[in-house]
There are 2 protein chains.
Amino acid sequence: MTAHQRNLSASIDPVKLDRLAEVAIKVGLQLQPGQDLLLTAPSVAMPLVRRVVEHAYKAGAGIVTPFFSDEELTLARYRFANDASFDRAAGWLYEGMAKAFGANTARLAIVGDNPMLLSGEDPAKVARASKANSIAYQPALEKIVNFDTNWNIIAYPSASWAKQMFPDDAEDVAVAKLADAIFAASRVDQDGAVAAWDKHNARLRERTDWLNGQRFHALKYSGPGMDLTIGLADGHEWEGGASTAKNGIVCNANIPTEEVFTTPHCRRVSGHVVSSKPLSYQGTLIDNISVKFEEGRIVEAKASRGEEVLNKVLDTDEGARRLGEVALVPHSSPISKSGLLFFNTLFDENAASHIALGQCYSKCFVGGDKLTPQQIAEQGGNKSLIHIDWMIGSAHTDIDGIHADGRSVPVFRKGEWA
Amino acid sequence: MTAHQRNLSASIDPVKLDRLAEVAIKVGLQLQPGQDLLLTAPSVAMPLVRRVVEHAYKAGAGIVTPFFSDEELTLARYRFANDASFDRAAGWLYEGMAKAFGANTARLAIVGDNPMLLSGEDPAKVARASKANSIAYQPALEKIVNFDTNWNIIAYPSASWAKQMFPDDAEDVAVAKLADAIFAASRVDQDGAVAAWDKHNARLRERTDWLNGQRFHALKYSGPGMDLTIGLADGHEWEGGASTAKNGIVCNANIPTEEVFTTPHCRRVSGHVVSSKPLSYQGTLIDNISVKFEEGRIVEAKASRGEEVLNKVLDTDEGARRLGEVALVPHSSPISKSGLLFFNTLFDENAASHIALGQCYSKCFVGGDKLTPQQIAEQGGNKSLIHIDWMIGSAHTDIDGIHADGRSVPVFRKGEWA
Ligand SMILES: [Zn+2]
Ligand SMILES: [Zn+2]
Ligand SMILES: [Zn+2]
Ligand SMILES: [Zn+2]
């Protein structure tokens with residue numbers, strides 16, 4: 001115990017932090033007067049939470065309900081809890097969240113915990129706790145992935161995350177670097193952030209309009225270590241940037257976002273692919289993933305690091321071995337150009353084209369909000385407790401769009417839009 | 001913004017803080033292996049929360065779910081929210097809590113927010129927000145006051161609370177003083193805290209055994225400014241210290257606690273009484289309360305300060321003007337001897353004999369856990385959204401127990417057990 005501790009929030013520009021909060025409320029959520037808001041955040045993100053709550057109430061929020069996680073509390077469970085604890089979850093809380101989302105409550109997630117927090121803990125316990133949580137959270141998560149309500153994720157530059165990314169820097173320097181990277185990627189590093197987001201959303205819209213006009217049957221990936229054909233779901237729709245939730249509110253679910261994405265056909269994926277960046281999954285770094293698909297299913301999976309965790313993830317349920325998302329990101333994206341590995345999907349998935357194991361988004365179907373789960377499954381949509389994005393794109397990736405008649409159209413060449 | 005901030009937790013003895021956490025889990029809750037725990041705390045109480053969570057998991061907790069309040073977030077609502085916000089509450093969350101308590105989840109409340117936090121805000125908004133919360137929380141609160149599950153309240157010496165109590169001291173000195181006062185009152189200032197609580201519980205038990213043997217029909221209070229007869233409910237039972245919740249677990253709901261208490265008859269209270277200490281109610285100090293009872297009902301209420309808030313409280317519902325608790329505390333209690341006003345009921349009610357407006361405890365009836373709400377009402381138990389204790393005892397208070405046949409037995413003389 002020391003008598004003084006360094007105030008790390010001094011490393012974070014308060015003007016840009018406030019802009020991030022404003023963008024979360026006005027662009028990310030477009031929070032409506034009278035709308036309630038449920039937010040989750042690491043306890044250390046309190047300076048950002050305070051800015052967000054002020055902007056929320058100024059926008060006319062009904063009631064804002066915050067939940068805080070804390071790294072030490074999370075670790076205390078792994079270090080001291082009975083074995084039986086790892087199959088438990090606070091079901092009553094998750095049920096309540098599902099109810100709230102079903103009643104027009106908006107959802108904001110502030111991420112920032114150390115991505116490697118659980119890397120020293122027993123992987124079996126981590127997997128069990130994660131599965132118990134996933135099962136309990138499933139009804140609430142479905143309302144989020146199906147956009148029943150407007151939602152948004154933003155990031156806070158916590159010290160533990162910053163030290164993970166910049167281990168050789170002093171803590172305050174590391175926090176300042178991460179803060180700058182988050183602010184730049186989130187387009188709040190300059191005045192006029194809301195207008196900048198409008199412009200960015202318009203550019204992404206041009207891409208999705210073109211792709212939706214093409215109606216490709218499949219995408220064919222080629223490049224070093226990659227020979228992969230990803231069938232697209234029947235009636236798939238490309239999404240990117242702003243989208244309209246079922247409650248009628250236009251929101252930007254991810255800040256930052258650079259991707260356009262749609263639903264692959266979960267039974268029409270074949271070939272092999274290796275990851276182009278490490279995947280940070282619940283405290284474990286999974287590196288050099290190499291998988292082989294047959295009829296949509298991963299039949300072989302290897303990794304140079306974290307292979308045990310990868311295989312546990314793939315065994316979560318039947319859908320965990322199939323794809324639920326395919327996303328295109330140019331190699332020249334600002335996050336890719338930063339050269340940083342964030343160990344966090346919100347950022348890293350926007351540095352490269354990627355695919356996701358597990359649950360699909362009903363949003364990524366034409367008229368998706370009117371489709372039954374059965375119709376989605378018939379059209380090729382995947383179902384799973386998990387949704388995990390991992391990066392496959394690089395400066396060497398070529399992608400062709402394949403029409404039903406076999407005609408091929410260049411989509412990406414050497415990692416850029418063709 | 002400053003580059004350094006004082007680490008106030010350095011003013012708090014970590015050994016005693018850990019002992020308080022241990023006493024909360026082992027004495028306050030007697031948390032059972034496999035039992036879930038829901039805890040609420042101010043965000044600044046994180047150092048205590050971390051100790052509590054460690055002790056909870058060491059005791060075999062299933063899953064611990066913490067909720068944090070934050071003074072700045074609370075104020076943001078009052079300063080920036082639309083008018084309509086003040087009639088809203090997170091109903092889905094409170095419903096979930098009721099469900100959890102009904103499913104054997106234990107409940108720990110850590111208090112410590114600045115008791116005067118809302119004193120500068122619009123009293124009408126404070127009252128509306130409080131009422132909306134009370135209504136939403138009612139199903140959960142009923143399970144707590146009826147001891148469906150084991151619960152406990154402890155306190156953390158936050159800086160804002162400490163500065164309220166010791167305005168002339170530097171912040172770190174104020175925190176150290178409040179910490180010492182909390183640790184002493186909570187009997188964790190010395191080794192063997194769990195054993196000290198066993199002894200204290202046994203002493204309180206002697207008092208309740210004697211009172212339960214007497215079966216008084218009423219208590220008659222006399223002293224300066226006080227001529228009050230409080231009828232006791234039919235089949236009332238005196239409680240104090242440890243009690244057995246309906247889930248079979250013996251818990252100490254309040255730490256500290258010095259009182260023995262029971263249920264008054266809500267239609268048989270008459271006379272007048274003045275408060276002997278100020279009441280801190282949701283950020284307002286209500287001082288020199290003076291009330292007149294007729295047939296159990298407050299027909300006149302005055303206060304030298306906070307009278308508007310007092311009258312708003314009395315208008316909450318029909319039961320808000322009637323008594324739900326009567327409690328005996330000797331003037332020589334350790335908290336009384338400290339001479340401190342804590343502005344917090346958990347402490348101040350243990351400095352003096354008191355009464356409470358509003359909801360009664362079914363626990364304070366013989367066989368109370370088997371009585372229906374209707375039977376409780378018939379026996380004289382009160383029902384209300386509120387339960388507010390305020391102090392009437394002093395060094396000059398005489399109390400006589402009155403038997404049904406009119407026979408009088410001295411209970412207190414000059415503020416001490418007779
Ligand atoms: Zn994606
Ligand atoms: Zn994804
Ligand atoms: Zn009391
Ligand atoms: Zn009380």
# chains A, B, ... in the order shown; residues from 1 in each chain; ligands from 1
$ closest_atom_pairs --of "region 253-284 of chain B" --to "region 324-334 of chain B" --cutoff "10 Å" --atoms "only C-alpha atoms" --output "Markdown table"
| residue | atom | partner | partner_atom | distance |
| --- | --- | --- | --- | --- |
| B:Thr257 | CA | B:Val329 | CA | 9.5 |
| B:Glu258 | CA | B:Val329 | CA | 6.3 |
| B:Glu259 | CA | B:Val329 | CA | 5.0 |
| B:Val260 | CA | B:Leu328 | CA | 5.4 |
| B:Phe261 | CA | B:Ala327 | CA | 4.0 |
| B:Thr262 | CA | B:Val326 | CA | 5.6 |
| B:Thr263 | CA | B:Glu325 | CA | 4.9 |
| B:Pro264 | CA | B:Glu325 | CA | 5.8 |
| B:His265 | CA | B:Gly324 | CA | 8.0 |
| B:Cys266 | CA | B:Gly324 | CA | 6.9 |
$ select_by_dssp --residues "region 163-354 of chain A" --states "alpha helix (DSSP H)" --output "VMD selection string"
chain A and resid 163 to 165 171 to 185 193 to 214 307 to 314 334 to 338 345 to 348
$ residues_around --residues "Phe347 (chain A)" --least-positions-apart "4" --cutoff "10 Å" --atoms "only C-alpha atoms" --output "ChimeraX atom specification"
/A:154-155,181-182,185-186,254-258,335-336,340-343,351-352
$ interface_residues --of "chain A" --to "chain B" --cutoff "8 Å" --atoms "only C-alpha atoms" --output "compact mmCIF listing (two decimals) with N, CA and C atoms, in the first residue's frame"
# COMPACT_ATOMS: atom_id res chain seq x y z
N MET A 1 0.84 -1.21 0.00
CA MET A 1 0.00 0.00 0.00
C MET A 1 0.87 1.25 0.00
N THR A 2 0.57 2.15 -0.88
CA THR A 2 1.34 3.39 -0.95
C THR A 2 0.44 4.56 -0.60
N ALA A 3 1.06 5.64 -0.19
CA ALA A 3 0.27 6.80 0.24
C ALA A 3 -0.25 7.59 -0.96
N HIS A 4 0.44 7.45 -2.09
CA HIS A 4 0.00 8.16 -3.30
C HIS A 4 -0.09 7.19 -4.45
N GLN A 5 -1.07 7.38 -5.30
CA GLN A 5 -1.05 6.60 -6.54
C GLN A 5 -1.19 7.55 -7.70
N ARG A 6 -0.58 7.17 -8.78
CA ARG A 6 -0.60 7.96 -9.99
C ARG A 6 -2.03 8.02 -10.50
N ASN A 7 -2.50 9.21 -10.80
CA ASN A 7 -3.83 9.38 -11.36
C ASN A 7 -3.74 9.23 -12.88
N LEU A 8 -4.06 8.01 -13.35
CA LEU A 8 -3.86 7.71 -14.76
C LEU A 8 -4.80 8.46 -15.66
N ALA A 10 -5.18 11.37 -15.83
CA ALA A 10 -4.49 12.56 -16.33
C ALA A 10 -3.83 12.30 -17.68
N GLY A 34 -36.80 9.69 -23.28
CA GLY A 34 -37.64 8.74 -22.56
C GLY A 34 -37.13 7.31 -22.58
N SER A 43 -14.90 -1.18 -13.72
CA SER A 43 -14.96 -0.16 -12.65
C SER A 43 -13.99 0.99 -12.92
N ARG A 50 -19.15 8.42 -16.35
CA ARG A 50 -19.75 9.68 -15.89
C ARG A 50 -20.09 10.61 -17.05
N VAL A 53 -23.18 9.06 -18.90
CA VAL A 53 -24.45 9.21 -18.18
C VAL A 53 -24.95 10.65 -18.30
N GLU A 54 -24.03 11.60 -18.23
CA GLU A 54 -24.45 12.99 -18.40
C GLU A 54 -25.06 13.22 -19.79
N TYR A 57 -28.57 11.56 -20.03
CA TYR A 57 -29.67 12.32 -19.42
C TYR A 57 -29.94 13.60 -20.20
N LYS A 58 -28.88 14.23 -20.72
CA LYS A 58 -29.10 15.43 -21.54
C LYS A 58 -29.90 15.10 -22.79
N GLY A 60 -32.26 13.08 -22.80
CA GLY A 60 -33.63 12.77 -22.37
C GLY A 60 -33.84 11.35 -21.89
N ALA A 61 -32.76 10.65 -21.54
CA ALA A 61 -32.88 9.26 -21.08
C ALA A 61 -33.91 9.15 -19.95
N GLY A 62 -34.62 8.02 -19.94
CA GLY A 62 -35.54 7.74 -18.83
C GLY A 62 -34.74 7.45 -17.58
N ILE A 63 -34.18 6.25 -17.51
CA ILE A 63 -33.32 5.93 -16.37
C ILE A 63 -32.12 5.16 -16.89
N THR A 65 -29.10 2.60 -16.00
CA THR A 65 -28.70 1.61 -15.01
C THR A 65 -27.32 1.08 -15.35
N PRO A 66 -26.30 1.40 -14.54
CA PRO A 66 -24.95 0.95 -14.84
C PRO A 66 -24.57 -0.31 -14.06
N PHE A 67 -23.83 -1.19 -14.70
CA PHE A 67 -23.24 -2.36 -14.03
C PHE A 67 -21.73 -2.31 -14.24
N PHE A 68 -21.01 -2.57 -13.16
CA PHE A 68 -19.55 -2.50 -13.24
C PHE A 68 -18.93 -3.86 -12.98
N GLU A 72 -10.20 -7.41 -10.19
CA GLU A 72 -9.85 -8.13 -8.96
C GLU A 72 -11.00 -9.02 -8.48
N LEU A 73 -12.23 -8.56 -8.66
CA LEU A 73 -13.38 -9.38 -8.27
C LEU A 73 -13.47 -10.62 -9.15
N ALA A 76 -10.81 -12.99 -8.02
CA ALA A 76 -11.11 -13.59 -6.70
C ALA A 76 -11.92 -14.87 -6.86
N ARG A 77 -12.84 -14.85 -7.84
CA ARG A 77 -13.64 -16.05 -8.07
C ARG A 77 -12.74 -17.22 -8.49
N PHE A 80 -10.51 -18.34 -5.41
CA PHE A 80 -11.05 -18.77 -4.11
C PHE A 80 -12.36 -19.54 -4.17
N ALA A 81 -13.04 -19.53 -5.32
CA ALA A 81 -14.38 -20.14 -5.33
C ALA A 81 -14.33 -21.66 -5.36
N ASN A 82 -15.37 -22.26 -4.77
CA ASN A 82 -15.60 -23.71 -4.87
C ASN A 82 -15.71 -24.10 -6.34
N ALA A 84 -17.86 -25.89 -7.77
CA ALA A 84 -19.24 -25.82 -8.28
C ALA A 84 -19.62 -24.43 -8.77
N SER A 85 -18.91 -23.42 -8.28
CA SER A 85 -19.23 -22.04 -8.70
C SER A 85 -19.11 -21.84 -10.20
N ARG A 88 -22.12 -21.84 -12.42
CA ARG A 88 -23.22 -20.95 -12.01
C ARG A 88 -23.18 -19.63 -12.79
N ALA A 89 -24.33 -19.03 -12.92
CA ALA A 89 -24.44 -17.68 -13.48
C ALA A 89 -25.62 -17.00 -12.81
N ALA A 90 -25.63 -15.67 -12.82
CA ALA A 90 -26.74 -14.93 -12.20
C ALA A 90 -27.90 -14.86 -13.19
N TRP A 92 -31.10 -14.72 -12.90
CA TRP A 92 -32.16 -13.72 -12.66
C TRP A 92 -31.79 -12.37 -13.26
N LEU A 93 -30.49 -12.06 -13.27
CA LEU A 93 -30.03 -10.78 -13.80
C LEU A 93 -30.12 -10.77 -15.32
N GLU A 95 -31.97 -12.70 -17.21
CA GLU A 95 -33.40 -12.70 -17.58
C GLU A 95 -33.96 -11.29 -17.54
N GLY A 96 -33.59 -10.57 -16.51
CA GLY A 96 -34.05 -9.19 -16.37
C GLY A 96 -33.55 -8.33 -17.52
N MET A 97 -32.31 -8.54 -17.93
CA MET A 97 -31.76 -7.78 -19.06
C MET A 97 -32.54 -8.07 -20.33
N LYS A 99 -35.56 -8.93 -20.55
CA LYS A 99 -36.84 -8.23 -20.39
C LYS A 99 -36.68 -6.74 -20.71
N ALA A 100 -35.60 -6.17 -20.21
CA ALA A 100 -35.36 -4.74 -20.44
C ALA A 100 -35.17 -4.47 -21.94
$ residues_near_ligand --ligand "ligand 2" --cutoff "9 Å" --atoms "only C-alpha atoms and all ligand atoms" --output "list in words"
Phe261, Gly324, Glu325, Val326, Ala327, Thr345, Leu346, Glu349, His354, Ile355, Ala356, Leu357, Gln359, Cys360, Tyr361, His387, Ile388, Asp389 and Trp390 of chain A
$ write_last_selection --atoms "all heavy atoms" --output "short mmCIF file (atom, residue, chain, number, x, y, z; two decimals), in the first residue's frame"
data_model
loop_
_atom_site.label_atom_id
_atom_site.label_comp_id
_atom_site.auth_asym_id
_atom_site.auth_seq_id
_atom_site.Cartn_x
_atom_site.Cartn_y
_atom_site.Cartn_z
N PHE A 261 -20.34 -6.64 -43.66
CA PHE A 261 -20.43 -8.06 -43.27
C PHE A 261 -21.81 -8.63 -43.62
O PHE A 261 -22.79 -7.89 -43.77
CB PHE A 261 -20.14 -8.22 -41.79
CG PHE A 261 -21.05 -7.42 -40.89
CD1 PHE A 261 -22.10 -8.03 -40.20
CD2 PHE A 261 -20.86 -6.04 -40.72
CE1 PHE A 261 -22.94 -7.29 -39.37
CE2 PHE A 261 -21.70 -5.30 -39.91
CZ PHE A 261 -22.74 -5.92 -39.23
N GLY A 324 -20.89 -17.89 -38.75
CA GLY A 324 -22.08 -17.06 -38.59
C GLY A 324 -21.91 -15.68 -39.18
O GLY A 324 -22.85 -14.88 -39.19
N GLU A 325 -20.69 -15.35 -39.64
CA GLU A 325 -20.45 -14.01 -40.20
C GLU A 325 -19.25 -14.06 -41.12
O GLU A 325 -18.28 -14.80 -40.86
CB GLU A 325 -20.16 -13.01 -39.06
CG GLU A 325 -19.79 -11.60 -39.53
CD GLU A 325 -19.26 -10.70 -38.40
OE1 GLU A 325 -19.56 -10.98 -37.22
OE2 GLU A 325 -18.53 -9.76 -38.71
N VAL A 326 -19.32 -13.28 -42.21
CA VAL A 326 -18.15 -13.05 -43.05
C VAL A 326 -18.06 -11.54 -43.26
O VAL A 326 -19.08 -10.89 -43.50
CB VAL A 326 -18.24 -13.85 -44.38
CG1 VAL A 326 -19.54 -13.54 -45.11
CG2 VAL A 326 -17.04 -13.54 -45.27
N ALA A 327 -16.85 -10.98 -43.06
CA ALA A 327 -16.71 -9.53 -43.07
C ALA A 327 -15.51 -9.09 -43.90
O ALA A 327 -14.47 -9.74 -43.86
CB ALA A 327 -16.57 -9.00 -41.65
N THR A 345 -11.46 -7.70 -29.98
CA THR A 345 -12.14 -7.89 -31.26
C THR A 345 -12.70 -6.58 -31.81
O THR A 345 -12.67 -6.35 -33.01
CB THR A 345 -13.28 -8.92 -31.10
OG1 THR A 345 -12.68 -10.15 -30.69
CG2 THR A 345 -14.00 -9.15 -32.41
N LEU A 346 -13.22 -5.73 -30.92
CA LEU A 346 -13.82 -4.48 -31.37
C LEU A 346 -12.87 -3.71 -32.26
O LEU A 346 -13.29 -3.07 -33.23
CB LEU A 346 -14.21 -3.64 -30.14
CG LEU A 346 -14.85 -2.27 -30.39
CD1 LEU A 346 -16.20 -2.43 -31.10
CD2 LEU A 346 -15.04 -1.52 -29.07
N GLU A 349 -10.87 -6.75 -35.27
CA GLU A 349 -11.67 -7.23 -36.41
C GLU A 349 -11.77 -6.14 -37.48
O GLU A 349 -12.11 -6.41 -38.62
CB GLU A 349 -13.07 -7.68 -35.98
CG GLU A 349 -14.01 -6.55 -35.62
CD GLU A 349 -15.50 -6.96 -35.65
OE1 GLU A 349 -15.81 -8.04 -36.19
OE2 GLU A 349 -16.33 -6.21 -35.15
N HIS A 354 -12.41 -10.73 -41.93
CA HIS A 354 -12.51 -11.78 -40.91
C HIS A 354 -13.75 -12.63 -41.11
O HIS A 354 -14.61 -12.34 -41.94
CB HIS A 354 -12.49 -11.17 -39.50
CG HIS A 354 -13.56 -10.16 -39.26
ND1 HIS A 354 -13.41 -8.83 -39.55
CD2 HIS A 354 -14.82 -10.29 -38.76
CE1 HIS A 354 -14.51 -8.16 -39.22
NE2 HIS A 354 -15.39 -9.03 -38.74
N ILE A 355 -13.78 -13.72 -40.35
CA ILE A 355 -14.95 -14.59 -40.29
C ILE A 355 -15.28 -14.79 -38.82
O ILE A 355 -14.44 -14.54 -37.95
CB ILE A 355 -14.67 -15.97 -40.96
CG1 ILE A 355 -13.36 -16.58 -40.42
CG2 ILE A 355 -14.61 -15.82 -42.47
CD1 ILE A 355 -13.00 -17.93 -41.04
N ALA A 356 -16.51 -15.20 -38.54
CA ALA A 356 -16.87 -15.47 -37.15
C ALA A 356 -17.49 -16.85 -37.00
O ALA A 356 -18.36 -17.24 -37.79
CB ALA A 356 -17.84 -14.41 -36.63
N LEU A 357 -17.01 -17.57 -36.01
CA LEU A 357 -17.61 -18.85 -35.62
C LEU A 357 -18.90 -18.56 -34.85
O LEU A 357 -18.95 -17.63 -34.04
CB LEU A 357 -16.68 -19.61 -34.68
CG LEU A 357 -15.28 -19.93 -35.20
CD1 LEU A 357 -14.45 -20.52 -34.06
CD2 LEU A 357 -15.39 -20.91 -36.37
N GLN A 359 -23.01 -17.97 -33.83
CA GLN A 359 -24.31 -17.35 -34.10
C GLN A 359 -24.26 -16.35 -35.26
O GLN A 359 -23.35 -15.53 -35.33
CB GLN A 359 -24.77 -16.65 -32.82
CG GLN A 359 -26.11 -15.97 -32.91
CD GLN A 359 -27.25 -16.96 -33.11
OE1 GLN A 359 -27.29 -18.02 -32.49
NE2 GLN A 359 -28.18 -16.64 -33.99
N CYS A 360 -25.25 -16.41 -36.15
CA CYS A 360 -25.37 -15.41 -37.21
C CYS A 360 -26.24 -14.25 -36.75
O CYS A 360 -26.86 -14.31 -35.69
CB CYS A 360 -25.96 -16.03 -38.47
SG CYS A 360 -27.73 -16.39 -38.35
N TYR A 361 -26.26 -13.17 -37.52
CA TYR A 361 -27.14 -12.03 -37.26
C TYR A 361 -28.35 -12.10 -38.18
O TYR A 361 -28.19 -12.06 -39.41
CB TYR A 361 -26.38 -10.72 -37.52
CG TYR A 361 -25.25 -10.46 -36.55
CD1 TYR A 361 -23.93 -10.62 -36.94
CD2 TYR A 361 -25.51 -10.04 -35.25
CE1 TYR A 361 -22.88 -10.37 -36.06
CE2 TYR A 361 -24.48 -9.79 -34.36
CZ TYR A 361 -23.16 -9.96 -34.78
OH TYR A 361 -22.15 -9.72 -33.89
N HIS A 387 -20.18 -16.35 -30.55
CA HIS A 387 -19.94 -15.59 -31.78
C HIS A 387 -18.53 -15.03 -31.64
O HIS A 387 -18.30 -14.11 -30.88
CB HIS A 387 -20.96 -14.47 -31.97
CG HIS A 387 -20.67 -13.62 -33.17
ND1 HIS A 387 -21.34 -13.75 -34.37
CD2 HIS A 387 -19.74 -12.64 -33.38
CE1 HIS A 387 -20.85 -12.88 -35.25
NE2 HIS A 387 -19.87 -12.20 -34.66
N ILE A 388 -17.58 -15.63 -32.36
CA ILE A 388 -16.17 -15.24 -32.20
C ILE A 388 -15.56 -14.89 -33.55
O ILE A 388 -15.43 -15.75 -34.43
CB ILE A 388 -15.37 -16.36 -31.52
CG1 ILE A 388 -15.98 -16.69 -30.16
CG2 ILE A 388 -13.90 -15.97 -31.37
CD1 ILE A 388 -15.38 -17.90 -29.49
N ASP A 389 -15.19 -13.61 -33.69
CA ASP A 389 -14.56 -13.14 -34.93
C ASP A 389 -13.07 -13.42 -34.90
O ASP A 389 -12.41 -13.18 -33.89
CB ASP A 389 -14.74 -11.62 -35.05
CG ASP A 389 -16.19 -11.19 -35.05
OD1 ASP A 389 -16.76 -11.01 -33.94
OD2 ASP A 389 -16.76 -11.05 -36.14
N TRP A 390 -12.53 -13.89 -36.04
CA TRP A 390 -11.06 -13.95 -36.14
C TRP A 390 -10.59 -13.58 -37.53
O TRP A 390 -11.27 -13.76 -38.53
CB TRP A 390 -10.49 -15.26 -35.61
CG TRP A 390 -11.06 -16.53 -36.15
CD1 TRP A 390 -12.26 -17.08 -35.82
CD2 TRP A 390 -10.46 -17.41 -37.10
NE1 TRP A 390 -12.46 -18.25 -36.48
CE2 TRP A 390 -11.37 -18.49 -37.28
CE3 TRP A 390 -9.26 -17.43 -37.80
CZ2 TRP A 390 -11.10 -19.55 -38.15
CZ3 TRP A 390 -8.98 -18.49 -38.66
CH2 TRP A 390 -9.90 -19.53 -38.82
#
$ residues_around --residues "Ser134 (chain B)" --least-positions-apart "4" --cutoff "9 Å" --atoms "only C-alpha atoms" --output "PDB file with N, CA, C and O atoms, in the first residue's frame"
ATOM      1  N   ALA B  89     -38.144   3.919 -12.643  1.00  0.00           N
ATOM      2  CA  ALA B  89     -37.229   3.055 -11.891  1.00  0.00           C
ATOM      3  C   ALA B  89     -36.932   1.847 -12.768  1.00  0.00           C
ATOM      4  O   ALA B  89     -37.684   1.538 -13.683  1.00  0.00           O
ATOM      5  N   ALA B 129     -38.483  10.435  -7.195  1.00  0.00           N
ATOM      6  CA  ALA B 129     -37.561   9.354  -7.545  1.00  0.00           C
ATOM      7  C   ALA B 129     -37.570   8.283  -6.473  1.00  0.00           C
ATOM      8  O   ALA B 129     -37.548   7.080  -6.751  1.00  0.00           O
ATOM      9  N   SER B 130     -37.620   8.728  -5.223  1.00  0.00           N
ATOM     10  CA  SER B 130     -37.619   7.802  -4.103  1.00  0.00           C
ATOM     11  C   SER B 130     -38.890   6.949  -4.102  1.00  0.00           C
ATOM     12  O   SER B 130     -38.859   5.741  -3.873  1.00  0.00           O
ATOM     13  N   GLN B 138     -40.439  -2.719  -3.881  1.00  0.00           N
ATOM     14  CA  GLN B 138     -41.299  -3.305  -2.846  1.00  0.00           C
ATOM     15  C   GLN B 138     -41.287  -4.843  -2.793  1.00  0.00           C
ATOM     16  O   GLN B 138     -41.088  -5.421  -1.725  1.00  0.00           O
ATOM     17  N   LEU B 141     -37.983  -5.822  -1.340  1.00  0.00           N
ATOM     18  CA  LEU B 141     -37.848  -5.369   0.044  1.00  0.00           C
ATOM     19  C   LEU B 141     -38.661  -6.236   0.990  1.00  0.00           C
ATOM     20  O   LEU B 141     -38.223  -6.551   2.094  1.00  0.00           O
ATOM     21  N   LEU B 385     -44.854   1.618   2.159  1.00  0.00           N
ATOM     22  CA  LEU B 385     -43.688   1.570   1.272  1.00  0.00           C
ATOM     23  C   LEU B 385     -42.424   1.990   2.011  1.00  0.00           C
ATOM     24  O   LEU B 385     -41.316   1.680   1.580  1.00  0.00           O
ATOM     25  N   ILE B 386     -42.585   2.722   3.125  1.00  0.00           N
ATOM     26  CA  ILE B 386     -41.404   3.267   3.802  1.00  0.00           C
ATOM     27  C   ILE B 386     -41.119   2.517   5.112  1.00  0.00           C
ATOM     28  O   ILE B 386     -41.970   1.790   5.643  1.00  0.00           O
TER      29      ILE B 386
END
$ closest_residue --among "B:Ser304, B:Asn350, B:Asn114, B:Ser270" --to "Gly240 (chain B)" --atoms "only C-alpha atoms"
B:Asn350
$ select_by_dssp --residues "region 109-155 of chain B" --states "strand (DSSP E)" --output "list in words"
Ala109, Ile110, Val111, Trp151, Asn152, Ile153, Ile154 and Ala155 of chain B
$ atom_distance --atom1 "CA of Asp209 (chain B)" --atom2 "CA of Gly271 (chain B)"
28.1 Å
$ residues_around --residues "Leu314 (chain B)" --least-positions-apart "5" --cutoff "12 Å" --atoms "only C-alpha atoms" --output "list of chain:residue names"
B:Ala127, B:Lys131, B:Val291, B:Arg297, B:Ile298, B:Val299, B:Glu300, B:Ala301, B:Lys302, B:Glu307, B:Glu308, B:Val309, B:Gly319, B:Ala320, B:Arg321, B:Arg322, B:Leu323, B:Ala356, B:Leu357, B:Gly358, B:Ser384, B:Leu385, B:Ile386, B:His387, B:Ile388
$ write_last_selection --atoms "C-alpha atoms" --output "mmCIF file, in the first residue's frame"
data_model
loop_
_atom_site.group_PDB
_atom_site.id
_atom_site.type_symbol
_atom_site.label_atom_id
_atom_site.label_comp_id
_atom_site.auth_asym_id
_atom_site.auth_seq_id
_atom_site.Cartn_x
_atom_site.Cartn_y
_atom_site.Cartn_z
ATOM 1 C CA ALA B 127 -39.360 12.489 -3.319
ATOM 2 C CA LYS B 131 -41.280 6.854 -4.422
ATOM 3 C CA VAL B 291 -45.385 14.682 16.342
ATOM 4 C CA ARG B 297 -51.932 7.950 13.440
ATOM 5 C CA ILE B 298 -49.697 11.029 13.290
ATOM 6 C CA VAL B 299 -52.168 13.902 13.194
ATOM 7 C CA GLU B 300 -49.623 16.703 13.610
ATOM 8 C CA ALA B 301 -45.976 16.834 12.505
ATOM 9 C CA LYS B 302 -43.459 19.635 12.757
ATOM 10 C CA GLU B 307 -40.387 19.888 7.596
ATOM 11 C CA GLU B 308 -41.398 19.887 3.919
ATOM 12 C CA VAL B 309 -39.586 16.598 3.293
ATOM 13 C CA GLY B 319 -49.096 3.473 6.641
ATOM 14 C CA ALA B 320 -46.445 6.203 6.525
ATOM 15 C CA ARG B 321 -48.191 8.019 9.423
ATOM 16 C CA ARG B 322 -48.170 4.940 11.658
ATOM 17 C CA LEU B 323 -45.442 3.036 13.494
ATOM 18 C CA ALA B 356 -39.906 3.724 12.939
ATOM 19 C CA LEU B 357 -42.608 5.038 10.643
ATOM 20 C CA GLY B 358 -43.988 2.626 8.114
ATOM 21 C CA SER B 384 -46.178 0.938 4.056
ATOM 22 C CA LEU B 385 -43.688 1.570 1.272
ATOM 23 C CA ILE B 386 -41.404 3.267 3.802
ATOM 24 C CA HIS B 387 -39.556 2.252 6.964
ATOM 25 C CA ILE B 388 -37.818 5.179 8.626
#
